[in-house]
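Peer 1: One structure coming up, written as structure tokens, with questions to follow.
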Amino acid sequence: MSTIQIFLVEDDPDWIKAMTVFLNGQEDMLVAGAAQTPEQAAAMARVLSFDVVLMDIQLTPGQLDGIYTAADILEIRPQAKVIMLTSMDDEQTITQAFTA
């Protein structure tokens, strides 16, 4: 069985720790790396090997910079799959995330 390599992009370090513990506990998943800012995410996307990005929509309070960061990562790694994470319920924001 192959392992799914996951790249976490999330501004909350406690959430990164919790998700890493949970995901690494799955037999077919491994967190390859984590970034907290759009700049870190773009830099790490150039050097990490990963299959899936778990991307927070809001990396900066009040901004939807995770959507733009996802688009940047896909320019670097077009074969990656992106899963957007949010607790927001704004339909327009969710539509923007799907479009990205």
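How things are named: the first chain in the structure tokens is A, the next is B, and so on; residues count from 1 in each chain; ligands count from 1 in the order shown.
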Taking 2 positions as the minimum chain separation for residues in the same chain, which residues sit within 8 Å of Val31 (chain A) when counting only C-alpha atoms? Answer as a PyMOL selection string.

Peer 2: chain A and resi 5-8+20+23-24+29+33-34

Peer 1: Which residues of region 16-63 of chain A have any atom within 9 Å of an atom in region 73-82 of chain A when counting only C-alpha atoms, and what is the closest pair of atoms for each, with the distance in Å to one decimal? Order the rows by chain and rising number and write it as CSV.

Peer 2:
```
residue,atom,partner,partner_atom,distance
A:Ala41,CA,A:Ile73,CA,7.6
A:Ala42,CA,A:Ile73,CA,6.0
A:Ala45,CA,A:Ile73,CA,6.3
A:Arg46,CA,A:Ile76,CA,6.6
A:Phe50,CA,A:Ala80,CA,7.2
A:Asp51,CA,A:Ala80,CA,5.1
A:Val52,CA,A:Lys81,CA,4.7
A:Val53,CA,A:Val82,CA,4.7
A:Leu54,CA,A:Val82,CA,6.1
A:Met55,CA,A:Val82,CA,6.9
```

Peer 1: Out of region 10-94 of chain A, which residues get strand (DSSP E or B) from DSSP, as a PDB file with C-alpha atoms, in the first residue's frame?

Peer 2:
```
ATOM      1  CA  MET A  29      -0.991   8.785   5.463  1.00  0.00           C
ATOM      2  CA  LEU A  30       2.082  10.790   6.407  1.00  0.00           C
ATOM      3  CA  VAL A  31       2.469  14.526   6.985  1.00  0.00           C
ATOM      4  CA  ALA A  32       5.407  15.508   4.777  1.00  0.00           C
ATOM      5  CA  GLY A  33       5.568  19.074   6.085  1.00  0.00           C
ATOM      6  CA  ALA A  34       3.642  22.050   7.400  1.00  0.00           C
ATOM      7  CA  ALA A  35       3.672  25.780   6.749  1.00  0.00           C
ATOM      8  CA  VAL A  52      -2.272  16.396  -1.092  1.00  0.00           C
ATOM      9  CA  VAL A  53      -2.374  19.868   0.446  1.00  0.00           C
ATOM     10  CA  LEU A  54      -4.690  20.499   3.390  1.00  0.00           C
ATOM     11  CA  MET A  55      -5.095  24.270   3.076  1.00  0.00           C
ATOM     12  CA  ASP A  56      -6.702  26.669   5.521  1.00  0.00           C
ATOM     13  CA  LYS A  81      -4.648  17.774  -4.954  1.00  0.00           C
ATOM     14  CA  VAL A  82      -5.855  20.554  -2.645  1.00  0.00           C
ATOM     15  CA  ILE A  83      -8.415  20.165   0.109  1.00  0.00           C
ATOM     16  CA  MET A  84      -9.564  23.487   1.543  1.00  0.00           C
ATOM     17  CA  LEU A  85     -10.324  23.635   5.272  1.00  0.00           C
TER      18      LEU A  85
END
```

Peer 1: Select from region 48-77 of chain A everything DSSP, run on the backbone, classes as alpha helix (DSSP H), then give the selection as a short mmCIF file (atom, residue, chain, number, x, y, z; two decimals) with all heavy atoms, in the first residue's frame.

Peer 2:
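Final output, saved to result-v2.cif:
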```
data_model
loop_
_atom_site.label_atom_id
_atom_site.label_comp_id
_atom_site.auth_asym_id
_atom_site.auth_seq_id
_atom_site.Cartn_x
_atom_site.Cartn_y
_atom_site.Cartn_z
N ASP A 65 -6.33 34.48 2.06
CA ASP A 65 -5.04 34.23 1.42
C ASP A 65 -4.75 32.75 1.17
O ASP A 65 -3.93 32.42 0.33
CB ASP A 65 -3.90 34.90 2.17
CG ASP A 65 -3.92 34.68 3.67
OD1 ASP A 65 -4.87 34.06 4.18
OD2 ASP A 65 -2.99 35.16 4.34
N GLY A 66 -5.45 31.87 1.83
CA GLY A 66 -5.27 30.45 1.56
C GLY A 66 -5.72 30.07 0.16
O GLY A 66 -5.15 29.19 -0.47
N ILE A 67 -6.74 30.77 -0.35
CA ILE A 67 -7.21 30.50 -1.71
C ILE A 67 -6.11 30.84 -2.71
O ILE A 67 -5.82 30.06 -3.62
CB ILE A 67 -8.50 31.30 -2.00
CG1 ILE A 67 -9.64 30.77 -1.11
CG2 ILE A 67 -8.86 31.20 -3.48
CD1 ILE A 67 -10.90 31.60 -1.17
N TYR A 68 -5.50 31.99 -2.54
CA TYR A 68 -4.43 32.42 -3.45
C TYR A 68 -3.18 31.56 -3.27
O TYR A 68 -2.49 31.27 -4.25
CB TYR A 68 -4.13 33.91 -3.24
CG TYR A 68 -5.37 34.74 -3.39
CD1 TYR A 68 -5.99 35.31 -2.29
CD2 TYR A 68 -5.97 34.90 -4.64
CE1 TYR A 68 -7.15 36.05 -2.42
CE2 TYR A 68 -7.14 35.63 -4.79
CZ TYR A 68 -7.73 36.20 -3.68
OH TYR A 68 -8.88 36.92 -3.82
N THR A 69 -2.93 31.15 -2.06
CA THR A 69 -1.78 30.28 -1.79
C THR A 69 -1.97 28.93 -2.47
O THR A 69 -1.03 28.36 -3.03
CB THR A 69 -1.56 30.12 -0.28
OG1 THR A 69 -1.38 31.42 0.30
CG2 THR A 69 -0.34 29.26 0.02
N ALA A 70 -3.20 28.41 -2.44
CA ALA A 70 -3.48 27.15 -3.13
C ALA A 70 -3.20 27.27 -4.62
O ALA A 70 -2.59 26.38 -5.22
CB ALA A 70 -4.94 26.75 -2.90
N ALA A 71 -3.62 28.38 -5.22
CA ALA A 71 -3.35 28.60 -6.64
C ALA A 71 -1.85 28.67 -6.92
O ALA A 71 -1.37 28.10 -7.91
CB ALA A 71 -4.05 29.88 -7.11
N ASP A 72 -1.11 29.33 -6.02
CA ASP A 72 0.35 29.41 -6.19
C ASP A 72 0.98 28.02 -6.10
O ASP A 72 1.87 27.69 -6.89
CB ASP A 72 0.96 30.31 -5.11
CG ASP A 72 0.62 31.78 -5.30
OD1 ASP A 72 0.18 32.16 -6.42
OD2 ASP A 72 0.78 32.55 -4.32
N ILE A 73 0.55 27.22 -5.14
CA ILE A 73 1.10 25.88 -4.99
C ILE A 73 0.80 25.03 -6.22
O ILE A 73 1.66 24.27 -6.69
CB ILE A 73 0.58 25.21 -3.70
CG1 ILE A 73 1.21 25.90 -2.47
CG2 ILE A 73 0.86 23.71 -3.69
CD1 ILE A 73 0.65 25.45 -1.14
N LEU A 74 -0.39 25.17 -6.77
CA LEU A 74 -0.74 24.39 -7.96
C LEU A 74 0.07 24.80 -9.18
O LEU A 74 0.27 24.00 -10.08
CB LEU A 74 -2.24 24.48 -8.23
CG LEU A 74 -3.10 23.70 -7.24
CD1 LEU A 74 -4.57 23.99 -7.46
CD2 LEU A 74 -2.81 22.20 -7.32
N GLU A 75 0.55 26.04 -9.22
CA GLU A 75 1.47 26.43 -10.30
C GLU A 75 2.81 25.74 -10.14
O GLU A 75 3.46 25.39 -11.12
CB GLU A 75 1.65 27.95 -10.30
CG GLU A 75 0.48 28.70 -10.86
CD GLU A 75 0.73 30.19 -10.98
OE1 GLU A 75 1.91 30.62 -11.01
OE2 GLU A 75 -0.26 30.93 -11.03
N ILE A 76 3.23 25.53 -8.89
CA ILE A 76 4.50 24.87 -8.60
C ILE A 76 4.37 23.35 -8.75
O ILE A 76 5.24 22.70 -9.33
CB ILE A 76 4.97 25.22 -7.17
CG1 ILE A 76 5.21 26.74 -7.05
CG2 ILE A 76 6.22 24.43 -6.78
CD1 ILE A 76 5.32 27.23 -5.62
#
```

Peer 1: Go through A:Ser2, A:Pro38, A:Met44, A:Gly25 one by one, measure the shortest atom-to-atom distance of each to Gln58 (chain A) using only C-alpha atoms, and give the residue with the smallest value.

Peer 2: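 Checking each candidate against Gln58 (chain A), we get A:Pro38 as the closest.
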